[in-house]
Amino acid sequence: MPQALVTHILPLTTIRRERLLPIPGRVVARRGQQVNPSDAVAEADLAPEHLLLDVARGLGLPVAKADQHIKCQAGEEVGEGQVLAGPVGMGRRVVAPKTGRVVVAGDGQILLQLESKAYELRAGYVGVVAALVADRGVVIEATGALIQGVWGNRQVNYGITQPLGKHTDEAVDASLLDVSMRGSVIVGGYCNDPQVFKAAAELPIRGMILASMEASLIPEAMKMDYPIVVVEGFGQLPMNPLASKLLYTNERNEAALNAGAWNPYANTRPEIMLTAPPQTAANMP
């Protein structure tokens, strides 16, 4: 059964968060390392591409004879253009069309796993790597003001906060965006216009915090490559006073946005972490 749903809004706290790959991979961060939200802490090949080469046909030989001319073995890394089998006859040979790794070599065939860009798991927070989780990721410790939301578009980033308007209960309009907001995390109220997301992407911004938005905008928000965190929910809802006060009193402060999916079974939510000044963090009990 899921735990009771609790939303945390805290002026100053220290949190520990696991950041884990969906499958086993490689941890690239080290214990004690200072990280920013966009730093890669682990990586994995989520969807490797494979290519089957017909060696027997390529060399024009029966399967048994073709195997005698294979020049690679399973597990071997090969480069683009490298000869994998042959030459025989009139210089017939089989070459690697791309860089990759040999998975199977034999029975007249070679199976290659092509080199692909690995999926990178981002830290999601400004903090310290407190522990490593073998082959899966890290535990990050972060200190600052914490605001949990109800929805996020699964992106992470960080930047300096900049409010849109004077209050978080105002409707957000694309005309409020200008070049002075480039590279910032903008804070706004209610959004019902998809042009807001597009205009923000064109600047570009590093993130967006909204009090609420229309549920019909979810598909458009999911297309954005910057994080969007909705604090209150869907429909026209004002931001709660505590979250609003934290965001406005910390204007021009650094905010880390981890717009992860809300998982009621793990009691996890999208989060905003406003970085605490070093002297404030040092004085925490």
# chains A, B, ... in the order shown; residues from 1 in each chain; ligands from 1
>>> residues_around(residues="Thr99 (chain A)", least_positions_apart="2", cutoff="10 Å", atoms="only C-alpha atoms", output="list in words")
Glu77, Val78, Gly79, Glu80, Gly81, Gln82, Ala96, Pro97, Arg101, Val102, Leu112, Gln113, Leu114, Glu115 and Ser116 of chain A
>>> residues_around(residues="Ile272 (chain A)", least_positions_apart="4", cutoff="8 Å", atoms="only C-alpha atoms", output="PyMOL selection string")
chain A and resi 146-149+229+255-258
>>> select_by_dssp(residues="region 30-260 of chain A", states="strand (DSSP E)", output="compact mmCIF listing (two decimals) with N, CA and C atoms, in the first residue's frame")
# COMPACT_ATOMS: atom_id res chain seq x y z
N GLN A 34 31.36 17.33 -5.12
CA GLN A 34 30.35 18.39 -5.20
C GLN A 34 29.71 18.31 -6.58
N VAL A 35 28.37 18.32 -6.63
CA VAL A 35 27.68 18.20 -7.92
C VAL A 35 26.63 19.28 -8.08
N ALA A 40 26.40 14.65 -14.70
CA ALA A 40 26.14 13.22 -14.84
C ALA A 40 26.80 12.48 -13.68
N VAL A 41 26.04 11.59 -13.04
CA VAL A 41 26.58 10.81 -11.91
C VAL A 41 26.66 9.32 -12.25
N ALA A 42 25.93 8.88 -13.28
CA ALA A 42 25.98 7.48 -13.70
C ALA A 42 25.49 7.40 -15.15
N GLU A 43 25.82 6.31 -15.83
CA GLU A 43 25.41 6.16 -17.22
C GLU A 43 25.17 4.70 -17.54
N ALA A 44 24.34 4.46 -18.56
CA ALA A 44 24.02 3.09 -18.97
C ALA A 44 23.56 3.09 -20.42
N HIS A 50 21.80 -3.26 -32.49
CA HIS A 50 22.57 -4.42 -32.95
C HIS A 50 22.49 -4.52 -34.47
N LEU A 51 23.54 -5.08 -35.04
CA LEU A 51 23.61 -5.28 -36.49
C LEU A 51 24.15 -6.67 -36.78
N LEU A 52 23.41 -7.45 -37.58
CA LEU A 52 23.83 -8.81 -37.93
C LEU A 52 24.47 -8.80 -39.31
N LEU A 53 25.73 -9.25 -39.38
CA LEU A 53 26.47 -9.33 -40.65
C LEU A 53 26.52 -10.77 -41.14
N ASP A 54 26.10 -10.98 -42.38
CA ASP A 54 26.12 -12.32 -42.99
C ASP A 54 27.49 -12.54 -43.63
N GLU A 77 36.26 -5.14 -29.09
CA GLU A 77 35.86 -3.83 -29.59
C GLU A 77 36.44 -3.63 -30.98
N VAL A 78 35.60 -3.18 -31.91
CA VAL A 78 36.06 -3.00 -33.29
C VAL A 78 35.73 -1.59 -33.76
N VAL A 83 38.47 -4.72 -40.77
CA VAL A 83 38.17 -5.99 -41.43
C VAL A 83 37.81 -7.03 -40.37
N LEU A 84 36.62 -7.58 -40.48
CA LEU A 84 36.15 -8.59 -39.52
C LEU A 84 36.28 -10.00 -40.05
N ALA A 85 36.28 -10.13 -41.37
CA ALA A 85 36.42 -11.46 -41.98
C ALA A 85 36.99 -11.30 -43.38
N GLY A 86 37.86 -12.26 -43.78
CA GLY A 86 38.48 -12.21 -45.09
C GLY A 86 39.87 -11.58 -45.00
N PRO A 87 40.50 -11.23 -46.12
CA PRO A 87 39.93 -11.35 -47.47
C PRO A 87 40.08 -12.78 -48.03
N VAL A 88 39.23 -13.08 -48.99
CA VAL A 88 39.32 -14.35 -49.73
C VAL A 88 39.07 -14.06 -51.19
N ARG A 92 37.49 -10.33 -51.47
CA ARG A 92 36.21 -10.15 -50.78
C ARG A 92 36.44 -10.15 -49.27
N ARG A 93 35.81 -9.27 -48.57
CA ARG A 93 35.98 -9.15 -47.14
C ARG A 93 34.72 -8.56 -46.51
N VAL A 94 34.61 -8.70 -45.20
CA VAL A 94 33.50 -8.12 -44.44
C VAL A 94 34.11 -7.13 -43.45
N VAL A 95 33.64 -5.88 -43.48
CA VAL A 95 34.18 -4.84 -42.60
C VAL A 95 33.08 -4.32 -41.67
N GLY A 100 31.83 -0.55 -32.70
CA GLY A 100 30.97 -1.31 -31.78
C GLY A 100 31.72 -2.44 -31.11
N ARG A 101 30.94 -3.39 -30.60
CA ARG A 101 31.51 -4.54 -29.90
C ARG A 101 30.92 -5.81 -30.47
N VAL A 102 31.78 -6.82 -30.67
CA VAL A 102 31.34 -8.10 -31.21
C VAL A 102 30.61 -8.87 -30.11
N VAL A 103 29.37 -9.26 -30.38
CA VAL A 103 28.58 -10.04 -29.43
C VAL A 103 28.70 -11.52 -29.74
N VAL A 104 28.56 -11.88 -31.02
CA VAL A 104 28.65 -13.27 -31.47
C VAL A 104 29.46 -13.31 -32.76
N ALA A 105 30.34 -14.29 -32.88
CA ALA A 105 31.11 -14.50 -34.12
C ALA A 105 31.17 -15.99 -34.40
N GLY A 106 30.48 -16.44 -35.43
CA GLY A 106 30.46 -17.86 -35.77
C GLY A 106 29.20 -18.24 -36.51
N GLN A 109 28.16 -15.88 -39.29
CA GLN A 109 27.61 -14.56 -38.99
C GLN A 109 28.42 -13.85 -37.91
N ILE A 110 28.28 -12.53 -37.88
CA ILE A 110 28.85 -11.71 -36.80
C ILE A 110 27.75 -10.76 -36.33
N LEU A 111 27.51 -10.76 -35.02
CA LEU A 111 26.54 -9.85 -34.44
C LEU A 111 27.29 -8.73 -33.72
N LEU A 112 27.05 -7.50 -34.14
CA LEU A 112 27.70 -6.33 -33.55
C LEU A 112 26.71 -5.54 -32.70
N GLN A 113 27.18 -5.10 -31.54
CA GLN A 113 26.44 -4.10 -30.77
C GLN A 113 27.09 -2.77 -31.06
N LEU A 114 26.36 -1.90 -31.76
CA LEU A 114 26.93 -0.66 -32.24
C LEU A 114 27.13 0.33 -31.10
N TYR A 119 22.88 6.69 -21.93
CA TYR A 119 21.95 7.48 -21.14
C TYR A 119 22.68 7.98 -19.91
N GLU A 120 22.61 9.28 -19.65
CA GLU A 120 23.29 9.87 -18.50
C GLU A 120 22.29 10.23 -17.42
N LEU A 121 22.52 9.74 -16.22
CA LEU A 121 21.69 10.08 -15.07
C LEU A 121 22.25 11.34 -14.44
N ARG A 122 21.44 12.38 -14.33
CA ARG A 122 21.86 13.65 -13.77
C ARG A 122 21.68 13.68 -12.25
N GLY A 127 24.64 19.59 -4.37
CA GLY A 127 24.98 18.93 -3.11
C GLY A 127 26.26 18.14 -3.19
N VAL A 128 26.36 17.15 -2.31
CA VAL A 128 27.55 16.31 -2.20
C VAL A 128 27.14 14.85 -2.39
N VAL A 129 27.96 14.09 -3.10
CA VAL A 129 27.73 12.66 -3.23
C VAL A 129 28.10 12.01 -1.90
N ALA A 130 27.08 11.59 -1.15
CA ALA A 130 27.30 11.04 0.18
C ALA A 130 27.63 9.55 0.15
N ALA A 131 27.16 8.85 -0.89
CA ALA A 131 27.41 7.40 -0.99
C ALA A 131 27.23 6.97 -2.44
N LEU A 132 27.85 5.85 -2.78
CA LEU A 132 27.72 5.26 -4.11
C LEU A 132 26.88 4.00 -4.01
N VAL A 133 26.04 3.77 -5.01
CA VAL A 133 25.26 2.54 -5.11
C VAL A 133 25.82 1.77 -6.30
N GLY A 137 23.99 4.03 -9.15
CA GLY A 137 23.91 5.47 -8.98
C GLY A 137 24.52 5.96 -7.69
N VAL A 138 23.92 7.00 -7.11
CA VAL A 138 24.52 7.67 -5.96
C VAL A 138 23.44 8.11 -4.97
N VAL A 139 23.89 8.46 -3.77
CA VAL A 139 23.06 9.14 -2.78
C VAL A 139 23.62 10.55 -2.64
N ILE A 140 22.76 11.55 -2.83
CA ILE A 140 23.19 12.95 -2.79
C ILE A 140 22.61 13.62 -1.55
N GLU A 141 23.46 14.37 -0.86
CA GLU A 141 23.03 15.15 0.30
C GLU A 141 23.03 16.63 -0.09
N ALA A 142 21.89 17.29 0.16
CA ALA A 142 21.75 18.69 -0.23
C ALA A 142 21.11 19.48 0.90
N THR A 143 21.47 20.76 1.01
CA THR A 143 20.95 21.63 2.06
C THR A 143 20.36 22.88 1.45
N GLY A 144 19.17 23.26 1.92
CA GLY A 144 18.54 24.48 1.43
C GLY A 144 17.06 24.47 1.74
N ALA A 145 16.32 25.39 1.10
CA ALA A 145 14.87 25.43 1.23
C ALA A 145 14.28 24.41 0.25
N LEU A 146 13.32 23.62 0.73
CA LEU A 146 12.73 22.55 -0.08
C LEU A 146 11.26 22.85 -0.35
N ILE A 147 10.88 22.77 -1.63
CA ILE A 147 9.47 22.90 -2.03
C ILE A 147 9.14 21.71 -2.91
N GLN A 148 8.19 20.90 -2.49
CA GLN A 148 7.75 19.77 -3.30
C GLN A 148 6.49 20.14 -4.07
N TRP A 151 3.53 17.85 -9.91
CA TRP A 151 3.76 17.34 -11.26
C TRP A 151 5.05 17.92 -11.82
N GLY A 152 5.76 17.10 -12.61
CA GLY A 152 6.97 17.55 -13.29
C GLY A 152 7.11 16.86 -14.62
N VAL A 156 15.72 17.81 -15.43
CA VAL A 156 16.45 18.38 -14.30
C VAL A 156 17.38 19.49 -14.80
N ASN A 157 17.52 20.53 -13.98
CA ASN A 157 18.46 21.60 -14.29
C ASN A 157 18.49 22.56 -13.10
N TYR A 158 19.27 23.60 -13.21
CA TYR A 158 19.33 24.59 -12.14
C TYR A 158 19.65 25.95 -12.74
N GLY A 159 19.33 26.98 -11.97
CA GLY A 159 19.60 28.34 -12.42
C GLY A 159 19.15 29.34 -11.37
N ILE A 160 19.29 30.62 -11.69
CA ILE A 160 18.90 31.70 -10.79
C ILE A 160 17.41 31.99 -10.98
N THR A 161 16.66 32.06 -9.87
CA THR A 161 15.23 32.30 -9.96
C THR A 161 14.92 33.74 -10.35
N GLN A 162 13.87 33.88 -11.15
CA GLN A 162 13.41 35.20 -11.58
C GLN A 162 11.89 35.16 -11.72
N PRO A 163 11.15 35.90 -10.89
CA PRO A 163 9.69 35.86 -10.94
C PRO A 163 9.13 36.52 -12.19
N SER A 184 17.64 31.65 -16.84
CA SER A 184 17.14 31.68 -15.48
C SER A 184 16.06 30.62 -15.26
N VAL A 185 15.66 30.46 -13.99
CA VAL A 185 14.51 29.64 -13.62
C VAL A 185 13.37 30.62 -13.34
N ILE A 186 12.37 30.64 -14.19
CA ILE A 186 11.31 31.62 -14.02
C ILE A 186 10.20 31.06 -13.12
N VAL A 187 9.63 31.95 -12.33
CA VAL A 187 8.60 31.59 -11.35
C VAL A 187 7.32 32.30 -11.72
N GLY A 188 6.23 31.54 -11.89
CA GLY A 188 4.97 32.16 -12.28
C GLY A 188 3.78 31.53 -11.59
N GLY A 189 2.60 32.05 -11.92
CA GLY A 189 1.37 31.58 -11.31
C GLY A 189 0.68 30.52 -12.13
N TYR A 190 -0.46 30.86 -12.73
CA TYR A 190 -1.29 29.92 -13.48
C TYR A 190 -0.97 30.03 -14.96
N CYS A 191 -0.83 28.89 -15.63
CA CYS A 191 -0.53 28.88 -17.07
C CYS A 191 -1.60 28.09 -17.83
N GLY A 207 14.63 26.61 -16.46
CA GLY A 207 13.58 25.91 -15.75
C GLY A 207 12.38 26.81 -15.52
N MET A 208 11.25 26.20 -15.13
CA MET A 208 10.03 26.95 -14.89
C MET A 208 9.31 26.36 -13.68
N ILE A 209 8.90 27.24 -12.77
CA ILE A 209 8.11 26.86 -11.60
C ILE A 209 6.76 27.54 -11.73
N LEU A 210 5.67 26.75 -11.70
CA LEU A 210 4.32 27.28 -11.82
C LEU A 210 3.50 26.92 -10.59
N ALA A 211 2.60 27.83 -10.22
CA ALA A 211 1.65 27.49 -9.16
C ALA A 211 0.71 26.41 -9.68
N SER A 212 0.19 26.58 -10.90
CA SER A 212 -0.75 25.63 -11.48
C SER A 212 -0.77 25.79 -12.98
N MET A 213 -1.38 24.82 -13.66
CA MET A 213 -1.55 24.92 -15.11
C MET A 213 -2.72 24.04 -15.52
N ILE A 228 9.94 21.63 -15.78
CA ILE A 228 8.75 22.38 -15.39
C ILE A 228 8.17 21.70 -14.16
N VAL A 229 8.05 22.44 -13.06
CA VAL A 229 7.48 21.92 -11.83
C VAL A 229 6.20 22.67 -11.52
N VAL A 230 5.10 21.94 -11.36
CA VAL A 230 3.81 22.51 -10.96
C VAL A 230 3.65 22.25 -9.47
N VAL A 231 3.54 23.32 -8.69
CA VAL A 231 3.54 23.18 -7.23
C VAL A 231 2.19 22.74 -6.68
N GLU A 232 1.08 23.33 -7.16
CA GLU A 232 -0.23 23.08 -6.54
C GLU A 232 -1.08 22.04 -7.27
N GLY A 233 -1.15 22.11 -8.59
CA GLY A 233 -1.98 21.16 -9.32
C GLY A 233 -2.52 21.73 -10.60
N PHE A 234 -3.57 21.09 -11.13
CA PHE A 234 -4.14 21.46 -12.43
C PHE A 234 -5.43 22.24 -12.26
N GLU A 254 20.01 30.65 -6.34
CA GLU A 254 20.11 29.47 -7.18
C GLU A 254 19.09 28.42 -6.77
N ALA A 255 18.37 27.87 -7.75
CA ALA A 255 17.37 26.83 -7.50
C ALA A 255 17.67 25.61 -8.35
N ALA A 256 17.60 24.44 -7.73
CA ALA A 256 17.74 23.17 -8.45
C ALA A 256 16.36 22.58 -8.64
N LEU A 257 16.01 22.26 -9.89
CA LEU A 257 14.71 21.67 -10.19
C LEU A 257 14.89 20.22 -10.60
N ASN A 258 14.28 19.34 -9.84
CA ASN A 258 14.23 17.92 -10.19
C ASN A 258 12.76 17.61 -10.46
>>> atom_distance(atom1="CA of Phe197 (chain A)", atom2="CA of Leu242 (chain A)")
25.5 Å
>>> residues_around(residues="Glu202 (chain A)", least_positions_apart="3", cutoff="12 Å", atoms="only C-alpha atoms", output="VMD selection string")
chain A and resid 174 177 to 179 181 to 183 195 to 199 205 to 206 224 to 226
>>> write_last_selection(atoms="N, CA and C atoms", output="mmCIF file, in the first residue's frame")
data_model
loop_
_atom_site.group_PDB
_atom_site.id
_atom_site.type_symbol
_atom_site.label_atom_id
_atom_site.label_comp_id
_atom_site.auth_asym_id
_atom_site.auth_seq_id
_atom_site.Cartn_x
_atom_site.Cartn_y
_atom_site.Cartn_z
ATOM 1 N N ALA A 174 2.933 34.880 -22.360
ATOM 2 C CA ALA A 174 4.195 34.829 -23.103
ATOM 3 C C ALA A 174 4.817 36.209 -23.270
ATOM 4 N N LEU A 177 7.743 37.350 -20.979
ATOM 5 C CA LEU A 177 9.099 36.802 -21.145
ATOM 6 C C LEU A 177 9.933 37.731 -22.008
ATOM 7 N N ASP A 178 11.154 38.007 -21.560
ATOM 8 C CA ASP A 178 12.054 38.820 -22.378
ATOM 9 C C ASP A 178 13.479 38.310 -22.220
ATOM 10 N N VAL A 179 14.391 38.919 -22.961
ATOM 11 C CA VAL A 179 15.754 38.421 -23.030
ATOM 12 C C VAL A 179 16.474 38.467 -21.690
ATOM 13 N N MET A 181 15.551 37.242 -19.066
ATOM 14 C CA MET A 181 15.282 35.996 -18.350
ATOM 15 C C MET A 181 16.047 34.816 -18.920
ATOM 16 N N ARG A 182 16.854 35.053 -19.924
ATOM 17 C CA ARG A 182 17.633 33.975 -20.538
ATOM 18 C C ARG A 182 18.534 33.311 -19.497
ATOM 19 N N GLY A 183 18.485 31.980 -19.457
ATOM 20 C CA GLY A 183 19.339 31.224 -18.552
ATOM 21 C C GLY A 183 18.860 31.177 -17.118
ATOM 22 N N GLN A 195 1.959 28.652 -25.651
ATOM 23 C CA GLN A 195 2.965 29.555 -26.218
ATOM 24 C C GLN A 195 3.969 30.005 -25.164
ATOM 25 N N VAL A 196 3.580 29.952 -23.892
ATOM 26 C CA VAL A 196 4.502 30.300 -22.807
ATOM 27 C C VAL A 196 5.702 29.347 -22.823
ATOM 28 N N PHE A 197 5.434 28.057 -22.976
ATOM 29 C CA PHE A 197 6.513 27.072 -22.991
ATOM 30 C C PHE A 197 7.433 27.281 -24.194
ATOM 31 N N LYS A 198 6.842 27.547 -25.346
ATOM 32 C CA LYS A 198 7.630 27.727 -26.565
ATOM 33 C C LYS A 198 8.480 28.995 -26.491
ATOM 34 N N ALA A 199 7.886 30.068 -25.994
ATOM 35 C CA ALA A 199 8.632 31.329 -25.873
ATOM 36 C C ALA A 199 9.786 31.177 -24.895
ATOM 37 N N ILE A 205 15.398 29.349 -21.352
ATOM 38 C CA ILE A 205 15.488 29.389 -19.899
ATOM 39 C C ILE A 205 16.048 28.062 -19.401
ATOM 40 N N ARG A 206 16.324 27.987 -18.091
ATOM 41 C CA ARG A 206 16.828 26.739 -17.503
ATOM 42 C C ARG A 206 15.759 25.957 -16.746
ATOM 43 N N MET A 224 9.263 19.889 -23.676
ATOM 44 C CA MET A 224 10.301 20.849 -23.349
ATOM 45 C C MET A 224 11.538 20.161 -22.776
ATOM 46 N N ASP A 225 12.728 20.683 -23.099
ATOM 47 C CA ASP A 225 13.968 20.091 -22.593
ATOM 48 C C ASP A 225 14.459 20.804 -21.340
ATOM 49 N N TYR A 226 13.641 21.683 -20.770
ATOM 50 C CA TYR A 226 13.951 22.296 -19.479
ATOM 51 C C TYR A 226 12.907 21.801 -18.473
#
>>> residues_around(residues="Met222 (chain A)", least_positions_apart="5", cutoff="10 Å", atoms="only C-alpha atoms", output="ChimeraX atom specification")
/A:152-155,217,227-228
>>> write_last_selection(atoms="all heavy atoms", output="short mmCIF file (atom, residue, chain, number, x, y, z; two decimals), in the first residue's frame")
data_model
loop_
_atom_site.label_atom_id
_atom_site.label_comp_id
_atom_site.auth_asym_id
_atom_site.auth_seq_id
_atom_site.Cartn_x
_atom_site.Cartn_y
_atom_site.Cartn_z
N GLY A 152 5.76 17.10 -12.61
CA GLY A 152 6.97 17.55 -13.29
C GLY A 152 7.11 16.86 -14.62
O GLY A 152 6.52 15.79 -14.84
N ASN A 153 7.89 17.43 -15.52
CA ASN A 153 8.04 16.88 -16.88
C ASN A 153 9.29 16.03 -17.04
O ASN A 153 9.78 15.82 -18.14
CB ASN A 153 8.02 18.00 -17.93
CG ASN A 153 9.22 18.93 -17.81
OD1 ASN A 153 9.90 18.98 -16.78
ND2 ASN A 153 9.51 19.66 -18.87
N ARG A 154 9.85 15.55 -15.92
CA ARG A 154 10.96 14.57 -15.90
C ARG A 154 12.29 15.14 -16.40
O ARG A 154 13.16 14.40 -16.85
CB ARG A 154 10.59 13.31 -16.69
CG ARG A 154 9.43 12.53 -16.09
CD ARG A 154 9.16 11.26 -16.88
NE ARG A 154 8.19 10.41 -16.22
CZ ARG A 154 6.88 10.52 -16.34
NH1 ARG A 154 6.37 11.45 -17.13
NH2 ARG A 154 6.06 9.71 -15.70
N GLN A 155 12.48 16.45 -16.30
CA GLN A 155 13.75 17.07 -16.65
C GLN A 155 14.42 17.61 -15.38
O GLN A 155 13.76 17.81 -14.36
CB GLN A 155 13.53 18.22 -17.63
CG GLN A 155 12.89 17.83 -18.94
CD GLN A 155 13.81 17.01 -19.83
OE1 GLN A 155 15.03 17.12 -19.75
NE2 GLN A 155 13.22 16.18 -20.67
N LEU A 217 -2.23 21.07 -21.08
CA LEU A 217 -0.90 21.50 -21.51
C LEU A 217 0.17 20.45 -21.24
O LEU A 217 1.34 20.65 -21.59
CB LEU A 217 -0.50 22.79 -20.78
CG LEU A 217 -1.39 24.02 -21.01
CD1 LEU A 217 -0.76 25.24 -20.35
CD2 LEU A 217 -1.60 24.27 -22.50
N PRO A 227 13.24 21.74 -17.17
CA PRO A 227 12.29 21.23 -16.19
C PRO A 227 11.14 22.19 -15.93
O PRO A 227 11.34 23.41 -15.86
CB PRO A 227 13.13 21.03 -14.93
CG PRO A 227 14.28 21.97 -15.10
CD PRO A 227 14.55 22.04 -16.57
N ILE A 228 9.94 21.63 -15.78
CA ILE A 228 8.75 22.38 -15.39
C ILE A 228 8.17 21.70 -14.16
O ILE A 228 7.86 20.51 -14.20
CB ILE A 228 7.70 22.42 -16.52
CG1 ILE A 228 8.27 23.07 -17.78
CG2 ILE A 228 6.44 23.14 -16.06
CD1 ILE A 228 7.37 22.97 -18.99
#
>>> atom_distance(atom1="CA of Gly25 (chain A)", atom2="CA of Asp135 (chain A)")
5.0 Å
>>> atom_distance(atom1="CA of Asp173 (chain A)", atom2="CA of Asp193 (chain A)")
7.3 Å
